[in-house]
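Enquirer: File follows, data-v1.txt with compact mmCIF, C-alpha atoms:
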# COMPACT_ATOMS: atom_id res chain seq x y z
CA MET O 4 7.81 -49.88 -18.74
CA LYS O 5 9.78 -48.58 -15.76
CA ARG O 6 10.00 -45.14 -17.36
CA ILE O 7 6.23 -45.10 -17.97
CA CYS O 8 5.50 -46.05 -14.36
CA LEU O 9 7.72 -43.27 -13.06
CA THR O 10 5.98 -40.80 -15.32
CA LEU O 11 2.55 -41.90 -14.14
CA ALA O 12 3.70 -41.64 -10.53
CA THR O 13 4.98 -38.16 -11.14
CA ILE O 14 1.68 -37.16 -12.69
CA ALA O 15 -0.17 -38.61 -9.72
CA VAL O 16 1.93 -36.53 -7.31
CA LEU O 17 1.32 -33.40 -9.34
CA LEU O 18 -2.42 -34.02 -9.38
CA LEU O 19 -2.40 -34.61 -5.64
CA ASN O 20 -0.57 -31.34 -5.08
CA ILE O 21 -3.05 -29.49 -7.23
CA CYS O 22 -5.96 -30.97 -5.29
CA CYS O 23 -4.39 -30.17 -1.93
CA ASN O 24 -3.59 -26.62 -2.97
CA GLY O 25 -6.99 -25.92 -4.45
CA GLY O 26 -5.40 -25.38 -7.84
CA GLN O 27 -3.32 -22.48 -6.57
CA GLN O 28 0.21 -21.74 -7.69
CA ASP O 29 3.14 -23.26 -5.85
CA SER O 30 3.95 -20.93 -2.98
CA SER O 31 7.57 -20.74 -4.17
CA THR O 32 6.53 -18.84 -7.31
CA PHE O 33 7.46 -15.16 -7.65
CA VAL O 34 5.06 -12.66 -9.17
CA THR O 35 6.18 -11.53 -12.62
CA THR O 36 4.77 -9.31 -15.36
CA ARG O 37 4.15 -9.98 -19.02
CA ASP O 38 2.16 -8.06 -21.63
CA GLY O 39 0.50 -5.81 -19.08
CA ARG O 40 -0.48 -8.58 -16.66
CA PHE O 41 0.81 -10.22 -13.49
CA TYR O 42 1.63 -13.94 -13.35
CA ARG O 43 2.60 -16.50 -10.75
CA GLY O 44 4.23 -19.16 -12.83
CA GLU O 45 2.05 -19.44 -15.92
CA THR O 46 -1.16 -18.47 -14.14
CA GLU O 47 -2.44 -14.92 -14.42
CA TYR O 48 -2.47 -13.21 -11.03
CA LYS O 49 -5.19 -10.64 -10.43
CA PHE O 50 -5.79 -9.63 -6.86
CA ILE O 51 -7.87 -7.77 -4.35
CA GLY O 52 -5.63 -6.43 -1.63
CA ALA O 53 -5.78 -4.45 1.58
CA ASN O 54 -3.61 -1.68 2.92
CA PHE O 55 -2.21 -3.15 6.11
CA TRP O 56 0.65 -0.74 6.70
CA TYR O 57 0.95 -1.56 10.42
CA GLY O 58 1.47 -5.28 9.78
CA ALA O 59 5.10 -5.38 10.96
CA VAL O 60 4.24 -3.57 14.20
CA LEU O 61 1.33 -5.93 14.88
CA ALA O 62 3.56 -8.93 14.13
CA SER O 63 6.23 -7.81 16.61
CA GLU O 64 6.66 -9.07 20.16
CA GLY O 65 7.12 -5.62 21.68
CA GLN O 66 4.71 -2.79 22.50
CA GLY O 67 2.06 -2.51 19.80
CA GLY O 68 2.52 -6.14 18.82
CA ASN O 69 -0.17 -8.80 19.02
CA ARG O 70 0.59 -11.99 17.11
CA GLU O 71 -2.67 -13.59 18.11
CA ARG O 72 -4.55 -10.71 16.48
CA LEU O 73 -2.23 -10.87 13.46
CA GLN O 74 -3.11 -14.52 12.91
CA LYS O 75 -6.81 -13.73 13.10
CA GLU O 76 -6.41 -10.81 10.70
CA LEU O 77 -4.59 -12.84 8.07
CA ASP O 78 -7.02 -15.73 8.42
CA LEU O 79 -10.00 -13.44 7.90
CA MET O 80 -8.37 -11.73 4.94
CA GLN O 81 -7.70 -15.09 3.36
CA GLU O 82 -11.24 -16.24 4.02
CA VAL O 83 -12.77 -13.27 2.19
CA GLY O 84 -10.35 -13.55 -0.74
CA ILE O 85 -7.77 -10.87 0.01
CA THR O 86 -4.48 -12.20 -1.35
CA ASN O 87 -2.25 -9.13 -1.17
CA VAL O 88 -1.33 -6.65 1.58
CA ARG O 89 0.53 -3.36 1.36
CA VAL O 90 2.86 -2.92 4.32
CA LEU O 91 5.14 -0.21 5.71
CA ALA O 92 8.79 -1.33 5.73
CA SER O 93 10.12 1.91 7.15
CA GLY O 94 9.35 4.43 9.91
CA GLU O 95 11.87 7.10 10.81
CA GLY O 96 12.51 9.75 13.43
CA PRO O 97 11.86 10.17 17.14
CA ASP O 98 8.98 8.35 18.80
CA THR O 99 7.84 11.54 20.55
CA VAL O 100 5.76 12.96 17.67
CA ALA O 101 2.07 12.40 18.42
CA SER O 102 1.04 11.85 14.81
CA HIS O 103 3.82 9.38 13.98
CA VAL O 104 3.85 5.61 13.85
CA VAL O 105 5.29 4.07 17.01
CA PRO O 106 7.29 2.05 17.72
CA VAL O 107 9.68 3.60 15.19
CA LEU O 108 11.72 1.28 12.99
CA GLN O 109 14.67 3.68 12.56
CA PRO O 110 14.81 6.20 15.44
CA GLU O 111 18.20 7.53 14.33
CA PRO O 112 20.05 7.25 11.01
CA GLY O 113 21.22 3.67 10.65
CA VAL O 114 19.93 2.64 14.09
CA TYR O 115 17.19 0.01 13.95
CA ASN O 116 14.55 -1.39 16.25
CA ASP O 117 15.21 -5.12 15.94
CA THR O 118 11.82 -5.93 17.48
CA ILE O 119 10.02 -4.35 14.53
CA LEU O 120 12.40 -5.91 12.02
CA GLN O 121 11.66 -9.31 13.52
CA GLY O 122 7.98 -8.46 13.32
CA LEU O 123 8.40 -7.88 9.59
CA ASP O 124 10.19 -11.24 9.37
CA TYR O 125 7.32 -12.94 11.17
CA LEU O 126 4.70 -11.27 8.96
CA ILE O 127 6.48 -12.35 5.78
CA ALA O 128 6.75 -15.91 7.10
CA GLU O 129 3.02 -15.99 7.85
CA LEU O 130 2.21 -14.67 4.38
CA GLU O 131 4.35 -17.40 2.87
CA LYS O 132 2.34 -20.04 4.75
CA ARG O 133 -0.87 -18.65 3.26
CA GLN O 134 0.49 -18.09 -0.26
CA MET O 135 -0.36 -14.40 0.15
CA THR O 136 1.82 -11.60 -1.19
CA ALA O 137 2.94 -8.20 0.06
CA VAL O 138 3.99 -4.89 -1.39
CA LEU O 139 6.55 -3.35 0.97
CA PHE O 140 7.00 0.42 0.82
CA LEU O 141 10.38 1.74 1.86
CA ASN O 142 9.76 5.46 2.41
CA ASN O 143 6.89 7.91 2.78
CA ALA O 144 6.31 11.37 1.37
CA TRP O 145 3.97 12.11 4.28
CA GLU O 146 4.89 12.78 7.87
CA TRP O 147 2.94 10.02 9.64
CA SER O 148 5.82 7.54 9.40
CA GLY O 149 8.73 9.97 9.15
CA GLY O 150 9.89 9.50 5.57
CA TYR O 151 10.93 12.57 3.60
CA GLY O 152 10.59 14.85 6.60
CA ALA O 153 12.68 12.72 8.95
CA TYR O 154 15.50 12.39 6.43
CA LEU O 155 15.49 16.13 5.78
CA GLU O 156 15.58 16.93 9.48
CA TRP O 157 18.48 14.50 9.93
CA ALA O 158 20.20 16.22 6.99
CA GLY O 159 20.09 19.54 8.85
CA CYS O 160 17.16 21.21 7.08
CA GLY O 161 15.46 22.24 10.31
CA PRO O 162 12.36 20.90 12.04
CA VAL O 163 9.61 19.36 9.95
CA PRO O 164 6.64 21.75 9.63
CA ASP O 165 3.13 20.44 10.08
CA TRP O 166 0.63 20.51 7.25
CA SER O 167 -1.54 23.31 8.65
CA ASP O 168 0.13 25.53 6.05
CA TRP O 169 0.24 23.56 2.83
CA THR O 170 2.67 25.93 1.09
CA ILE O 171 5.23 25.87 3.89
CA ALA O 172 5.02 22.09 4.18
CA GLN O 173 5.44 21.54 0.43
CA ASN O 174 8.37 23.93 0.26
CA TYR O 175 10.06 21.91 2.99
CA HIS O 176 9.35 18.45 1.62
CA CYS O 177 10.29 19.32 -1.97
CA GLN O 178 13.89 19.54 -0.76
CA PHE O 179 14.11 15.76 -0.38
CA VAL O 180 14.74 14.87 -4.02
CA LYS O 181 17.41 17.59 -4.23
CA ASN O 182 19.20 16.88 -0.94
CA ASP O 183 22.06 14.43 -1.42
CA SER O 184 22.46 13.75 2.30
CA ALA O 185 18.76 12.94 2.81
CA LYS O 186 18.70 10.70 -0.25
CA ALA O 187 21.86 8.90 0.84
CA MET O 188 20.30 8.03 4.20
CA ALA O 189 17.18 6.78 2.47
CA GLU O 190 19.35 4.68 0.15
CA ARG O 191 21.12 3.09 3.09
CA HIS O 192 17.75 2.13 4.51
CA VAL O 193 16.79 0.49 1.21
CA ARG O 194 20.00 -1.54 1.26
CA HIS O 195 19.41 -2.56 4.87
CA ILE O 196 15.89 -3.87 4.26
CA VAL O 197 16.15 -5.34 0.77
CA THR O 198 19.28 -7.36 1.64
CA ARG O 199 17.93 -8.60 4.96
CA THR O 200 17.75 -12.30 5.84
CA ASN O 201 14.52 -13.39 7.52
CA THR O 202 15.21 -14.56 11.08
CA VAL O 203 12.10 -16.78 11.03
CA THR O 204 12.57 -18.61 7.72
CA GLY O 205 16.34 -18.26 7.38
CA LYS O 206 15.90 -17.08 3.78
CA PRO O 207 17.04 -13.76 2.34
CA TYR O 208 14.13 -11.44 1.58
CA SER O 209 15.19 -11.66 -2.05
CA GLU O 210 14.15 -15.33 -2.04
CA SER O 211 10.72 -14.88 -0.43
CA PRO O 212 7.74 -15.61 -2.70
CA ALA O 213 5.57 -13.62 -0.28
CA ILE O 214 7.14 -10.37 -1.44
CA MET O 215 5.38 -9.31 -4.60
CA ALA O 216 7.10 -5.95 -4.94
CA TRP O 217 9.29 -3.32 -3.39
CA GLU O 218 7.80 0.15 -3.49
CA LEU O 219 9.95 3.27 -3.45
CA ALA O 220 7.65 5.20 -1.14
CA ASN O 221 4.09 5.80 -0.10
CA GLU O 222 2.84 8.49 -2.48
CA PRO O 223 6.20 9.95 -3.53
CA ARG O 224 5.92 13.45 -4.91
CA ALA O 225 8.14 16.22 -6.20
CA PHE O 226 6.05 18.66 -4.12
CA ALA O 227 6.92 21.41 -6.62
CA ARG O 228 6.00 22.27 -10.20
CA ASP O 229 9.30 23.75 -11.39
CA SER O 230 11.21 21.77 -13.98
CA VAL O 231 14.34 21.36 -11.84
CA THR O 232 12.54 19.71 -8.92
CA LYS O 233 10.50 17.48 -11.21
CA ALA O 234 13.67 16.40 -13.00
CA CYS O 235 15.31 15.60 -9.65
CA PHE O 236 12.24 13.61 -8.66
CA ALA O 237 12.40 11.51 -11.84
CA GLU O 238 16.14 10.97 -11.37
CA TRP O 239 15.55 9.79 -7.80
CA VAL O 240 12.85 7.33 -8.91
CA GLU O 241 15.16 5.88 -11.54
CA ALA O 242 18.15 5.66 -9.18
CA GLN O 243 16.15 3.96 -6.40
CA ALA O 244 14.57 1.48 -8.80
CA LYS O 245 17.96 0.56 -10.27
CA LEU O 246 19.39 0.14 -6.78
CA ILE O 247 16.63 -2.24 -5.71
CA LYS O 248 16.89 -4.29 -8.88
CA SER O 249 20.65 -4.60 -8.37
CA LEU O 250 20.07 -5.91 -4.84
CA ASP O 251 17.08 -8.13 -5.61
CA PRO O 252 16.40 -9.11 -9.21
CA ASN O 253 13.67 -11.59 -8.19
CA HIS O 254 10.99 -9.12 -7.17
CA LEU O 255 9.00 -6.41 -8.85
CA VAL O 256 9.58 -2.71 -8.22
CA THR O 257 7.01 0.08 -8.40
CA THR O 258 6.74 3.72 -7.46
CA GLY O 259 3.87 4.03 -4.96
CA SER O 260 2.59 7.04 -6.93
CA GLU O 261 -0.94 8.41 -6.77
CA GLY O 262 -0.84 8.87 -10.53
CA LEU O 263 -1.39 12.30 -12.01
CA GLU O 264 -2.30 13.62 -8.57
CA GLY O 265 1.13 12.58 -7.30
CA CYS O 266 2.98 14.00 -10.30
CA GLU O 267 1.87 17.62 -10.00
CA GLN O 268 -0.83 16.96 -12.62
CA ASP O 269 1.97 16.60 -15.17
CA PRO O 270 1.19 13.73 -17.57
CA ASP O 271 4.73 13.71 -18.92
CA LEU O 272 6.17 13.25 -15.42
CA PHE O 273 3.66 10.51 -14.61
CA ARG O 274 4.63 8.66 -17.76
CA GLN O 275 8.36 9.26 -17.28
CA VAL O 276 8.59 7.77 -13.78
CA HIS O 277 6.68 4.67 -14.85
CA ALA O 278 8.51 4.22 -18.15
CA PHE O 279 11.85 3.33 -16.57
CA PRO O 280 12.58 -0.34 -17.35
CA GLU O 281 13.25 -1.03 -13.65
CA ILE O 282 9.68 0.03 -12.78
CA ASP O 283 7.57 -3.06 -13.39
CA TYR O 284 4.06 -1.74 -12.95
CA ILE O 285 2.02 1.42 -12.64
CA CYS O 286 0.35 2.71 -9.48
CA ILE O 287 -2.56 5.05 -9.00
CA HIS O 288 -4.49 6.10 -5.89
CA ILE O 289 -8.01 7.53 -5.66
CA TRP O 290 -9.52 9.39 -2.69
CA PRO O 291 -13.06 10.69 -3.31
CA TYR O 292 -13.39 12.33 0.13
CA ASN O 293 -9.94 13.92 0.25
CA TRP O 294 -10.31 15.10 -3.35
CA HIS O 295 -13.72 16.67 -2.61
CA TRP O 296 -15.84 14.44 -4.81
CA LEU O 297 -18.54 13.87 -2.20
CA GLY O 298 -20.63 16.92 -2.94
CA PRO O 299 -21.00 20.23 -1.13
CA ALA O 300 -20.92 18.56 2.27
CA SER O 301 -17.38 17.30 1.74
CA GLY O 302 -14.64 19.50 3.09
CA PRO O 303 -11.01 19.48 4.15
CA LEU O 304 -10.15 17.04 6.90
CA ASP O 305 -8.92 19.83 9.17
CA LYS O 306 -12.47 21.21 9.36
CA GLY O 307 -13.57 18.05 11.12
CA LEU O 308 -16.49 15.78 10.43
CA ALA O 309 -19.26 17.67 12.19
CA GLY O 310 -21.84 19.28 9.92
CA ASN O 311 -20.94 17.26 6.85
CA GLY O 312 -24.42 15.84 6.60
CA GLU O 313 -25.93 12.44 7.21
CA THR O 314 -26.57 11.41 3.62
CA SER O 315 -23.84 13.02 1.51
CA VAL O 316 -21.63 9.92 1.65
CA VAL O 317 -24.37 7.74 0.15
CA ASP O 318 -25.80 10.39 -2.16
CA SER O 319 -22.38 11.17 -3.63
CA VAL O 320 -21.49 7.63 -4.70
CA THR O 321 -22.68 8.16 -8.28
CA HIS O 322 -20.57 11.28 -8.70
CA ALA O 323 -17.59 9.68 -6.95
CA ALA O 324 -17.84 6.66 -9.25
CA ARG O 325 -17.99 8.87 -12.33
CA MET O 326 -14.92 10.81 -11.21
CA THR O 327 -13.11 7.58 -10.33
CA HIS O 328 -13.64 6.17 -13.79
CA ALA O 329 -12.53 9.41 -15.43
CA TYR O 330 -9.35 9.55 -13.35
CA MET O 331 -8.52 5.92 -14.05
CA ASP O 332 -9.11 6.40 -17.78
CA HIS O 333 -7.01 9.55 -17.88
CA CYS O 334 -4.08 7.89 -16.13
CA TRP O 335 -4.40 4.78 -18.30
CA SER O 336 -4.43 6.79 -21.53
CA ILE O 337 -1.01 8.22 -20.63
CA VAL O 338 0.75 4.92 -19.85
CA LYS O 339 -1.15 2.18 -21.68
CA ASP O 340 1.45 1.87 -24.45
CA LEU O 341 4.07 0.93 -21.83
CA SER O 342 2.38 -2.51 -21.63
CA LYS O 343 2.76 -2.65 -17.87
CA PRO O 344 0.08 -3.70 -15.35
CA MET O 345 -1.74 -0.93 -13.51
CA VAL O 346 -2.89 -1.25 -9.90
CA LEU O 347 -5.27 0.94 -7.95
CA GLU O 348 -3.32 0.39 -4.75
CA GLU O 349 -5.12 2.91 -2.55
CA PHE O 350 -8.76 3.85 -2.54
CA GLY O 351 -10.92 4.71 0.41
CA TYR O 352 -14.46 5.78 1.15
CA PRO O 353 -15.89 7.08 4.45
CA ARG O 354 -18.47 5.36 6.58
CA ASP O 355 -22.03 6.71 6.31
CA GLY O 356 -22.56 10.08 7.95
CA TYR O 357 -18.77 10.42 8.31
CA ARG O 358 -19.01 8.37 11.47
CA ILE O 359 -16.04 6.40 12.75
CA GLU O 360 -17.54 3.79 15.08
CA PRO O 361 -17.20 0.16 13.92
CA SER O 362 -20.94 -0.28 14.50
CA SER O 363 -21.87 2.50 12.05
CA SER O 364 -23.33 1.73 8.63
CA THR O 365 -21.36 1.48 5.38
CA GLN O 366 -24.00 1.65 2.67
CA GLY O 367 -22.16 4.27 0.62
CA ARG O 368 -18.84 2.51 0.96
CA ASP O 369 -20.28 -0.86 -0.05
CA ILE O 370 -21.74 0.58 -3.23
CA TYR O 371 -18.50 2.38 -4.05
CA TYR O 372 -16.31 -0.65 -3.35
CA GLU O 373 -18.52 -2.82 -5.53
CA TYR O 374 -18.13 -0.29 -8.33
CA VAL O 375 -14.34 -0.09 -8.00
CA PHE O 376 -13.95 -3.86 -8.00
CA SER O 377 -16.11 -4.05 -11.13
CA LEU O 378 -13.58 -1.84 -12.95
CA MET O 379 -11.17 -4.78 -13.04
CA GLU O 380 -13.48 -6.36 -15.60
CA GLU O 381 -12.51 -3.61 -18.07
CA GLY O 382 -8.95 -4.90 -18.14
CA LYS O 383 -7.16 -1.69 -17.21
CA LEU O 384 -6.64 -2.63 -13.57
CA GLN O 385 -4.85 -5.83 -12.63
CA GLY O 386 -5.23 -5.30 -8.91
CA THR O 387 -7.06 -3.15 -6.37
CA CYS O 388 -6.06 -2.47 -2.78
CA PHE O 389 -8.52 -0.70 -0.50
CA TRP O 390 -7.53 1.59 2.38
CA ALA O 391 -7.54 0.26 4.94
CA TRP O 392 -7.82 -2.96 6.90
CA GLY O 393 -9.04 -2.44 10.49
CA GLY O 394 -10.04 -6.02 11.19
CA TYR O 395 -10.40 -6.84 14.87
CA ALA O 396 -9.13 -3.48 16.12
CA GLU O 397 -11.08 -1.74 18.87
CA PRO O 398 -10.50 2.00 18.46
CA LYS O 399 -10.66 3.97 21.69
CA HIS O 400 -10.19 7.59 20.59
CA VAL O 401 -11.06 9.82 17.66
CA ARG O 402 -7.35 10.43 17.09
CA TRP O 403 -4.86 7.64 17.75
CA GLN O 404 -3.20 7.72 21.13
CA ARG O 405 -0.16 5.71 22.09
CA TRP O 406 -0.81 1.96 22.26
CA ASP O 407 -4.34 2.18 20.95
CA ASP O 408 -5.06 -0.52 18.39
CA TYR O 409 -4.02 0.47 14.89
CA VAL O 410 -7.06 0.53 12.62
CA GLY O 411 -5.56 1.53 9.25
CA ASP O 412 -6.26 5.25 9.46
CA PRO O 413 -2.98 7.05 10.27
CA ALA O 414 -2.66 8.56 13.73
CA GLN O 415 -3.48 12.11 12.67
CA GLU O 416 -6.76 11.07 11.01
CA GLU O 417 -10.11 10.01 12.44
CA GLN O 418 -9.73 6.43 13.65
CA GLY O 419 -12.22 4.27 11.80
CA LEU O 420 -13.32 6.67 9.06
CA ASN O 421 -11.83 4.56 6.26
CA ALA O 422 -11.24 1.33 8.15
CA VAL O 423 -12.85 -1.98 7.22
CA PHE O 424 -13.52 -3.85 10.45
CA ALA O 425 -14.27 -7.53 10.97
CA CYS O 426 -17.81 -6.54 11.97
CA ASP O 427 -18.40 -4.79 8.61
CA THR O 428 -20.09 -7.89 7.25
CA THR O 429 -21.70 -6.21 4.26
CA THR O 430 -18.37 -4.75 3.12
CA LEU O 431 -16.66 -8.11 3.59
CA ASP O 432 -19.37 -9.71 1.47
CA VAL O 433 -18.67 -7.22 -1.31
CA ILE O 434 -14.96 -8.07 -1.11
CA ARG O 435 -15.67 -11.80 -1.03
CA GLN O 436 -17.93 -11.67 -4.08
CA ALA O 437 -15.40 -9.60 -6.04
CA ALA O 438 -12.61 -12.02 -5.13
CA GLU O 439 -14.66 -15.00 -6.30
CA LYS O 440 -14.98 -13.43 -9.73
CA LEU O 441 -11.19 -13.40 -10.07
CA ARG O 442 -10.82 -17.13 -9.43
Could you write out this file's structure as structure tokens?

Expert:
Amino acid sequence: MKRICLTLATIAVLLLNICCNGGQQDSSTFVTTRDGRFYRGETEYKFIGANFWYGAVLASEGQGGNRERLQKELDLMQEVGITNVRVLASGEGPDTVASHVVPVLQPEPGVYNDTILQGLDYLIAELEKRQMTAVLFLNNAWEWSGGYGAYLEWAGCGPVPDWSDWTIAQNYHCQFVKNDSAKAMAERHVRHIVTRTNTVTGKPYSESPAIMAWELANEPRAFARDSVTKACFAEWVEAQAKLIKSLDPNHLVTTGSEGLEGCEQDPDLFRQVHAFPEIDYICIHIWPYNWHWLGPASGPLDKGLAGNGETSVVDSVTHAARMTHAYMDHCWSIVKDLSKPMVLEEFGYPRDGYRIEPSSSTQGRDIYYEYVFSLMEEGKLQGTCFWAWGGYAEPKHVRWQRWDDYVGDPAQEEQGLNAVFACDTTTLDVIRQAAEKLR
């Protein structure tokens, strides 16, 4: 009888916990993969996420930090059903470059800004409280947070060129995967972050259930089509993934790739870098505006937004959706036999009329977002992560200037073009409805 009473008491406690948690998984559960799906414990984990790369800066107590705003941002995300955020866990080079993230996490090789590191600690602790998860990317192929370019400059390859000349910039950045010194510095950064102990919770990062995955880099590329560079790129992906798994076997690892677009349109390379056993899931990104899917009015970003037309954003949704589906299907056809989950971890769509003000309309974006979220019903995507969360930011300039609010659009891009603000009620409703379907 005593044994039966204890069993009934245990069941009662379990039922109480389930009721109090709304049926959610225990917050101590890591995200795992099985048969092409994510799980937390035994419950399948599909998610709608937001790119929130500036989260560690916002969570810091130094310049650029605002913990009151951070709390509001996370609360609003949770309210609309966003359960995952993608966050920058790097940032290299001097803080004097206008288009770079500041404050910088690593201003010199091996020298760290403890204020930002503690901001990352605080962010992870807050995510744990909310049972939210994060994907932390450890490098960047693009210049806005340093990444490849900063490591190459530190390795003695000369100053980083801007992207006004695409050929020159690619020729510079393709050196990264072949430069042992640059890669060694990047490896030391990985070791420094992945083995860190959180100063807020007292737990090693490797024990945090809020970390869903470590990501090698934001949109890593070979930046060259020759076989030698592509082979070096694949070798680097494998080496970095093995390193992370050796340091932290509890968490997932992924590439951060755009898919075919990030693999020089080489299907074999795309498959190869996601076939490594240490890579747990597949990434793709989709950018209708940047990839010129928005009709004849769409043009390169460096031509500015003027003259692009008032209606092309809305009128082009059908074509953008068609191209999105085709790209997803093409990528999926190459990797589906790997039986790994696939996530669309970056997709963005401009505000109507290519405006950037938070008060401007988002009819085209709302339609496109609704379409993208519906693709999860086909079973190929296990998660989607829109770019980017602007929340309660109040942008002051077309291009970011020091100590303006971060809105999600990197400093060199129009501030607000792709951002989802707290006042974008129709977009938030689309997100909320999509999230409810996953419950």

Enquirer: Write out as a ChimeraX atom specification each polymer residue whose atoms come within 10 Å of O:Phe55, counting only C-alpha atoms; drop sequence neighbours fewer than 4 positions from it.

Expert: /O:59,61,76,87-91,137-138,388-394,409-412

Enquirer: Select, from O:Ile282, O:Leu420, O:Ala153, O:Ala227, the residue with the minimum atom-to-atom distance to O:Thr365, counting only C-alpha atoms.

Expert: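 Checking each of O:Ile282, O:Leu420, O:Ala153, O:Ala227 against O:Thr365, counting only C-alpha atoms, the winner is O:Leu420.
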
Enquirer: Record the distance separating atom CA of O:Leu347 and atom CA of O:His328, expressed in Å with one decimal.

Expert: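 Computed distance, atom CA of O:Leu347 to atom CA of O:His328, equals 11.5 Å.
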
Enquirer: Fewer than 6 positions away in the same chain doesn't count, so skip those; otherwise give me all residues within 8 Å of O:Ala62, counting only C-alpha atoms, as a list in words.

Expert: Gly68, Asn69, Arg70, Leu73, Ile119, Gly122, Leu123, Tyr125 and Leu126 of chain O

Enquirer: What does the distance from atom CA of O:Pro212 to atom CA of O:Arg40 come to in Å, to one decimal?

Expert: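 The value is 17.7 Å.
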
Enquirer: Please, which residues in stretch 353-401 of chain O fall within 12 Å of stretch 430-438 of chain O when counting all atoms listed in the file, and what is the closest atom pair and distance in Å to one decimal for each, ordered by chain then residue number, as a tab-separated table?

Expert:
residue	atom	partner	partner_atom	distance
O:Arg354	CA	O:Thr430	CA	10.7
O:Pro361	CA	O:Thr430	CA	11.9
O:Ser364	CA	O:Thr430	CA	9.8
O:Thr365	CA	O:Thr430	CA	7.3
O:Gln366	CA	O:Thr430	CA	8.5
O:Gly367	CA	O:Thr430	CA	10.1
O:Arg368	CA	O:Thr430	CA	7.6
O:Asp369	CA	O:Thr430	CA	5.4
O:Ile370	CA	O:Val433	CA	8.6
O:Tyr371	CA	O:Val433	CA	10.0
O:Tyr372	CA	O:Val433	CA	7.3
O:Glu373	CA	O:Val433	CA	6.1
O:Tyr374	CA	O:Val433	CA	9.9
O:Val375	CA	O:Ala437	CA	9.8
O:Phe376	CA	O:Ala437	CA	6.2
O:Ser377	CA	O:Ala437	CA	7.6
O:Leu378	CA	O:Ala437	CA	10.5
O:Met379	CA	O:Ala437	CA	9.5
O:Glu380	CA	O:Ala437	CA	10.3
O:Gly386	CA	O:Ala438	CA	10.7
O:Thr387	CA	O:Ala438	CA	10.5
O:Cys388	CA	O:Ile434	CA	10.6
O:Phe389	CA	O:Ile434	CA	9.8
O:Trp392	CA	O:Leu431	CA	10.8
O:Gly393	CA	O:Leu431	CA	11.7
O:Gly394	CA	O:Leu431	CA	10.3

Enquirer: For stretch 410-423 of chain O, I'd like the enclosing box, axis-aligned and padded by 8 Å on every side, reported as JSON with centre and edge lengths in Å to one decimal.

Expert:
{"center_x": -8.0, "center_y": 5.1, "center_z": 10.0, "size_x": 26.7, "size_y": 30.1, "size_z": 23.5}

Enquirer: Just the number, please: distance in Å from atom CA of O:Met345 to atom CA of O:Val317, one decimal.

Expert: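 Taking atom CA of O:Met345 as the start and atom CA of O:Val317 as the end point, the length is 27.8 Å.
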
Enquirer: Go through O:Gly39, O:Gly65, O:Pro344, O:Pro223 and flag the residue nearest O:Gly259, using all atoms listed in the file for the distances.

Expert: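 For O:Gly259, the nearest of the candidates is O:Pro223.
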
Enquirer: Please tabulate, as CSV, the residues of stretch 236-312 of chain O that come within 10 Å of stretch 174-194 of chain O, each with its closest pair of atoms and the distance in Å to one decimal, counting all atoms listed in the file and ordering rows by chain, then residue number upward.

Expert:
residue,atom,partner,partner_atom,distance
O:Phe236,CA,O:Val180,CA,5.4
O:Ala237,CA,O:Val180,CA,8.8
O:Glu238,CA,O:Val180,CA,8.4
O:Trp239,CA,O:Val180,CA,6.4
O:Val240,CA,O:Val180,CA,9.2
O:Ala242,CA,O:Glu190,CA,9.5
O:Gln243,CA,O:Glu190,CA,7.3
O:Leu246,CA,O:Arg194,CA,8.2
O:Ile247,CA,O:Val193,CA,7.4
O:Leu250,CA,O:Arg194,CA,7.5
O:Asp251,CA,O:Arg194,CA,10.0

Enquirer: Please determine the residues with any atom at most 8 Å from (10.0, 18.3, 7.0) (coordinates as given in the file, with all atoms listed in the file counting) and report them as an MDAnalysis selection string.

Expert: chainID O and resid 146 151:153 155:156 160:165 172 175:176

Enquirer: Just checking: using all atoms listed in the file, which residue out of O:Gly149, O:Cys334, O:Glu439, O:Ala128 ends up closest to O:Ala101?

Expert: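 Going through O:Gly149, O:Cys334, O:Glu439, O:Ala128 one by one, the smallest distance to O:Ala101 is for O:Gly149.
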
Enquirer: Which residue gives the smallest distance to O:Cys426 among O:Ala220, O:Val107, O:Ala396, O:Val401, with all atoms listed in the file counted?

Expert: O:Ala396

Enquirer: List as a compact mmCIF listing (two decimals) with C-alpha atoms, in the coordinates of the input the residues having at least one atom at most 12 Å from position (7.1, -15.0, -9.3) as given in the file, counting only C-alpha atoms.

Expert:
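Everything below was put into part36.txt:
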# COMPACT_ATOMS: atom_id res chain seq x y z
CA GLN O 28 0.21 -21.74 -7.69
CA ASP O 29 3.14 -23.26 -5.85
CA SER O 30 3.95 -20.93 -2.98
CA SER O 31 7.57 -20.74 -4.17
CA THR O 32 6.53 -18.84 -7.31
CA PHE O 33 7.46 -15.16 -7.65
CA VAL O 34 5.06 -12.66 -9.17
CA THR O 35 6.18 -11.53 -12.62
CA THR O 36 4.77 -9.31 -15.36
CA ARG O 37 4.15 -9.98 -19.02
CA PHE O 41 0.81 -10.22 -13.49
CA TYR O 42 1.63 -13.94 -13.35
CA ARG O 43 2.60 -16.50 -10.75
CA GLY O 44 4.23 -19.16 -12.83
CA GLU O 45 2.05 -19.44 -15.92
CA THR O 46 -1.16 -18.47 -14.14
CA GLU O 47 -2.44 -14.92 -14.42
CA TYR O 48 -2.47 -13.21 -11.03
CA GLN O 134 0.49 -18.09 -0.26
CA THR O 136 1.82 -11.60 -1.19
CA SER O 209 15.19 -11.66 -2.05
CA GLU O 210 14.15 -15.33 -2.04
CA SER O 211 10.72 -14.88 -0.43
CA PRO O 212 7.74 -15.61 -2.70
CA ALA O 213 5.57 -13.62 -0.28
CA ILE O 214 7.14 -10.37 -1.44
CA MET O 215 5.38 -9.31 -4.60
CA ALA O 216 7.10 -5.95 -4.94
CA PRO O 252 16.40 -9.11 -9.21
CA ASN O 253 13.67 -11.59 -8.19
CA HIS O 254 10.99 -9.12 -7.17
CA LEU O 255 9.00 -6.41 -8.85
